[in-house]
Every structure is written in C-alpha cells, then in structure tokens.
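Enquirer: This one is protein_8.txt, compact mmCIF, N, CA and C atoms.
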# COMPACT_ATOMS: atom_id res chain seq x y z
N MET A 1 23.94 31.57 -16.67
CA MET A 1 24.00 30.72 -15.49
C MET A 1 24.86 29.51 -15.84
N GLY A 2 25.84 29.22 -15.00
CA GLY A 2 26.72 28.09 -15.24
C GLY A 2 26.05 26.78 -14.89
N LYS A 3 26.73 25.69 -15.26
CA LYS A 3 26.16 24.36 -14.98
C LYS A 3 25.97 24.12 -13.49
N ALA A 4 26.93 24.53 -12.69
CA ALA A 4 26.83 24.34 -11.24
C ALA A 4 25.64 25.12 -10.68
N GLU A 5 25.44 26.33 -11.16
CA GLU A 5 24.31 27.14 -10.70
C GLU A 5 22.99 26.54 -11.13
N GLN A 6 22.94 26.02 -12.37
CA GLN A 6 21.72 25.38 -12.87
C GLN A 6 21.40 24.14 -12.03
N ARG A 7 22.44 23.38 -11.73
CA ARG A 7 22.24 22.17 -10.93
C ARG A 7 21.74 22.54 -9.53
N GLN A 8 22.33 23.57 -8.94
CA GLN A 8 21.91 24.01 -7.60
C GLN A 8 20.46 24.51 -7.63
N ALA A 9 20.09 25.25 -8.68
CA ALA A 9 18.72 25.74 -8.81
C ALA A 9 17.75 24.56 -8.94
N LYS A 10 18.14 23.55 -9.71
CA LYS A 10 17.28 22.36 -9.89
C LYS A 10 17.13 21.63 -8.56
N LEU A 11 18.23 21.45 -7.83
CA LEU A 11 18.16 20.78 -6.53
C LEU A 11 17.28 21.56 -5.56
N SER A 12 17.39 22.87 -5.59
CA SER A 12 16.56 23.71 -4.73
C SER A 12 15.08 23.55 -5.09
N PHE A 13 14.79 23.57 -6.40
CA PHE A 13 13.42 23.40 -6.87
C PHE A 13 12.90 22.02 -6.47
N ASP A 14 13.71 20.97 -6.66
CA ASP A 14 13.31 19.62 -6.30
C ASP A 14 13.05 19.51 -4.80
N GLY A 15 13.88 20.17 -4.00
CA GLY A 15 13.69 20.16 -2.55
C GLY A 15 12.39 20.82 -2.16
N GLU A 16 12.08 21.94 -2.81
CA GLU A 16 10.82 22.63 -2.52
C GLU A 16 9.62 21.76 -2.91
N GLN A 17 9.74 21.08 -4.05
CA GLN A 17 8.66 20.19 -4.47
C GLN A 17 8.48 19.06 -3.46
N MET A 18 9.57 18.49 -2.99
CA MET A 18 9.49 17.41 -2.00
C MET A 18 8.85 17.91 -0.71
N ASP A 19 9.18 19.13 -0.30
CA ASP A 19 8.56 19.69 0.90
C ASP A 19 7.06 19.82 0.73
N ARG A 20 6.63 20.29 -0.44
CA ARG A 20 5.19 20.41 -0.72
C ARG A 20 4.52 19.04 -0.73
N ILE A 21 5.19 18.07 -1.33
CA ILE A 21 4.64 16.71 -1.39
C ILE A 21 4.52 16.13 0.02
N ARG A 22 5.56 16.32 0.83
CA ARG A 22 5.52 15.82 2.21
C ARG A 22 4.37 16.46 2.99
N ALA A 23 4.18 17.75 2.79
CA ALA A 23 3.09 18.46 3.47
C ALA A 23 1.74 17.88 3.05
N ARG A 24 1.57 17.60 1.77
CA ARG A 24 0.31 17.01 1.28
C ARG A 24 0.11 15.61 1.85
N VAL A 25 1.19 14.83 1.89
CA VAL A 25 1.10 13.48 2.46
C VAL A 25 0.69 13.57 3.93
N ASP A 26 1.28 14.50 4.67
CA ASP A 26 0.91 14.69 6.07
C ASP A 26 -0.57 15.05 6.21
N GLU A 27 -1.06 15.92 5.32
CA GLU A 27 -2.48 16.29 5.34
C GLU A 27 -3.36 15.07 5.09
N HIS A 28 -2.97 14.27 4.10
CA HIS A 28 -3.75 13.08 3.77
C HIS A 28 -3.71 12.06 4.91
N ASP A 29 -2.54 11.92 5.53
CA ASP A 29 -2.43 11.00 6.67
C ASP A 29 -3.35 11.43 7.81
N ALA A 30 -3.37 12.73 8.10
CA ALA A 30 -4.23 13.24 9.17
C ALA A 30 -5.70 13.00 8.83
N HIS A 31 -6.08 13.25 7.58
CA HIS A 31 -7.46 13.03 7.16
C HIS A 31 -7.81 11.54 7.26
N PHE A 32 -6.90 10.67 6.84
CA PHE A 32 -7.13 9.23 6.91
C PHE A 32 -7.32 8.79 8.37
N GLU A 33 -6.51 9.34 9.27
CA GLU A 33 -6.65 9.00 10.69
C GLU A 33 -8.02 9.44 11.21
N GLN A 34 -8.49 10.62 10.77
CA GLN A 34 -9.82 11.08 11.17
C GLN A 34 -10.89 10.13 10.66
N LEU A 35 -10.74 9.69 9.41
CA LEU A 35 -11.72 8.76 8.83
C LEU A 35 -11.71 7.42 9.57
N GLU A 36 -10.52 6.93 9.91
CA GLU A 36 -10.44 5.68 10.66
C GLU A 36 -11.12 5.81 12.02
N SER A 37 -10.90 6.94 12.68
CA SER A 37 -11.49 7.18 13.98
C SER A 37 -13.02 7.23 13.88
N ARG A 38 -13.50 7.96 12.89
CA ARG A 38 -14.96 8.09 12.70
C ARG A 38 -15.57 6.74 12.34
N THR A 39 -14.87 5.97 11.51
CA THR A 39 -15.36 4.64 11.14
C THR A 39 -15.47 3.76 12.38
N SER A 40 -14.47 3.84 13.23
CA SER A 40 -14.50 3.06 14.47
C SER A 40 -15.68 3.48 15.35
N GLU A 41 -15.91 4.80 15.45
CA GLU A 41 -17.05 5.30 16.23
C GLU A 41 -18.36 4.75 15.68
N LEU A 42 -18.51 4.80 14.35
CA LEU A 42 -19.74 4.33 13.73
C LEU A 42 -19.92 2.83 13.91
N GLU A 43 -18.82 2.08 13.83
CA GLU A 43 -18.90 0.64 14.06
C GLU A 43 -19.35 0.36 15.49
N ASP A 44 -18.80 1.12 16.45
CA ASP A 44 -19.21 0.95 17.85
C ASP A 44 -20.69 1.27 18.02
N GLN A 45 -21.14 2.36 17.39
CA GLN A 45 -22.56 2.72 17.47
C GLN A 45 -23.42 1.63 16.85
N GLY A 46 -22.98 1.13 15.71
CA GLY A 46 -23.72 0.07 15.03
C GLY A 46 -23.80 -1.18 15.88
N HIS A 47 -22.71 -1.50 16.55
CA HIS A 47 -22.70 -2.68 17.41
C HIS A 47 -23.68 -2.49 18.57
N GLY A 48 -23.68 -1.29 19.15
CA GLY A 48 -24.61 -1.00 20.24
C GLY A 48 -26.06 -1.07 19.77
N GLU A 49 -26.31 -0.55 18.59
CA GLU A 49 -27.66 -0.59 18.02
C GLU A 49 -28.08 -2.03 17.74
N ARG A 50 -27.15 -2.82 17.23
CA ARG A 50 -27.44 -4.23 16.95
C ARG A 50 -27.80 -4.97 18.24
N GLU A 51 -27.03 -4.71 19.30
CA GLU A 51 -27.31 -5.35 20.58
C GLU A 51 -28.68 -4.94 21.11
N ARG A 52 -29.01 -3.67 20.95
CA ARG A 52 -30.32 -3.17 21.41
C ARG A 52 -31.45 -3.86 20.64
N LEU A 53 -31.28 -4.01 19.33
CA LEU A 53 -32.30 -4.67 18.52
C LEU A 53 -32.43 -6.15 18.88
N LEU A 54 -31.32 -6.80 19.13
CA LEU A 54 -31.39 -8.21 19.54
C LEU A 54 -32.11 -8.35 20.88
N GLN A 55 -31.86 -7.43 21.78
CA GLN A 55 -32.54 -7.46 23.07
C GLN A 55 -34.04 -7.25 22.88
N MET A 56 -34.42 -6.33 22.00
CA MET A 56 -35.84 -6.10 21.72
C MET A 56 -36.47 -7.35 21.12
N GLU A 57 -35.75 -8.03 20.23
CA GLU A 57 -36.27 -9.27 19.64
C GLU A 57 -36.51 -10.31 20.72
N ARG A 58 -35.59 -10.41 21.67
CA ARG A 58 -35.76 -11.39 22.76
C ARG A 58 -36.99 -11.05 23.61
N VAL A 59 -37.20 -9.76 23.87
CA VAL A 59 -38.37 -9.33 24.64
C VAL A 59 -39.64 -9.68 23.88
N LEU A 60 -39.66 -9.39 22.57
CA LEU A 60 -40.84 -9.71 21.76
C LEU A 60 -41.09 -11.21 21.74
N GLU A 61 -40.05 -12.00 21.68
CA GLU A 61 -40.20 -13.46 21.67
C GLU A 61 -40.82 -13.93 22.99
N VAL A 62 -40.39 -13.35 24.10
CA VAL A 62 -40.95 -13.70 25.40
C VAL A 62 -42.43 -13.32 25.44
N ILE A 63 -42.77 -12.15 24.92
CA ILE A 63 -44.17 -11.71 24.90
C ILE A 63 -44.99 -12.66 24.03
N ARG A 64 -44.47 -13.03 22.87
CA ARG A 64 -45.21 -13.97 21.98
C ARG A 64 -45.42 -15.31 22.67
N ASN A 65 -44.42 -15.78 23.36
CA ASN A 65 -44.52 -17.08 24.02
C ASN A 65 -45.53 -17.05 25.16
N LYS A 66 -45.75 -15.91 25.78
CA LYS A 66 -46.71 -15.79 26.87
C LYS A 66 -48.13 -15.81 26.33
N ASN A 67 -48.32 -15.35 25.09
CA ASN A 67 -49.67 -15.27 24.52
C ASN A 67 -50.05 -16.49 23.81
So that I can check it, write out the structure of this file as structure tokens.

Expert:
Amino acid sequence: MGKAEQRQAKLSFDGEQMDRIRARVDEHDAHFEQLESRTSELEDQGHGERERLLQMERVLEVIRNKN
C-alpha cells in the first residue's frame, strides 16, 4: 500500500470514528434533554406539593386559633 493509499485509509478510519463519536454525542444529548425535562416535571410536582403543605399548615393554624 502506497503512502497516498495509507493516508486515505487513515482519513477514512478517522471519519468513521468521528461519525461514531457524533452519534454517541447525539445519544447523550437526547438523554440529557430527557433528564432535564424529568427534573423540571419533578420540580413542578415538588412546588405543587409544597404549596399544598403550606395550605394545610394555614388550615391547621386556623383550627388551633379557634380552640
């Protein structure tokens, strides 16, 4: 194999490696987006739960003040 052929083979191999790396990066990006979305959902749920608990505390305080 001549130098030009070796160089072309190396470039082809490097290109294939870059394609695989890009595919993995895309997979990781998609997974990260899913995690961000789920985190946001959980934060929203937590905020709703916190508001519900604060409301219950206010109700209990009103009940205590009546007694």

Enquirer: What does the distance from CA of Leu35 in chain A to atom N of Glu51 in chain A come to in Å, to one decimal?

Expert: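 Between CA of Leu35 in chain A and atom N of Glu51 in chain A the gap works out to 22.9 Å.
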
Enquirer: Find the axis-aligned box for range 27-33 of chain A, covering all its listed atoms and adding 3 Å on each side, and write its centre and edge lengths in Å to one decimal as JSON.

Expert:
{"center_x": -4.5, "center_y": 12.5, "center_z": 7.5, "size_x": 13.0, "size_y": 13.5, "size_z": 13.4}

Enquirer: Can you measure atom N of Arg24 in chain A to CA of Lys10 in chain A for me? One decimal in Å is fine.

Expert: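 Interatomic distance, atom N of Arg24 in chain A to CA of Lys10 in chain A: 20.1 Å.
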
Enquirer: What does the distance from CA of Glu27 in chain A to CA of Leu42 in chain A come to in Å, to one decimal?

Expert: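 Separating CA of Glu27 in chain A from CA of Leu42 in chain A is a distance of 22.6 Å.
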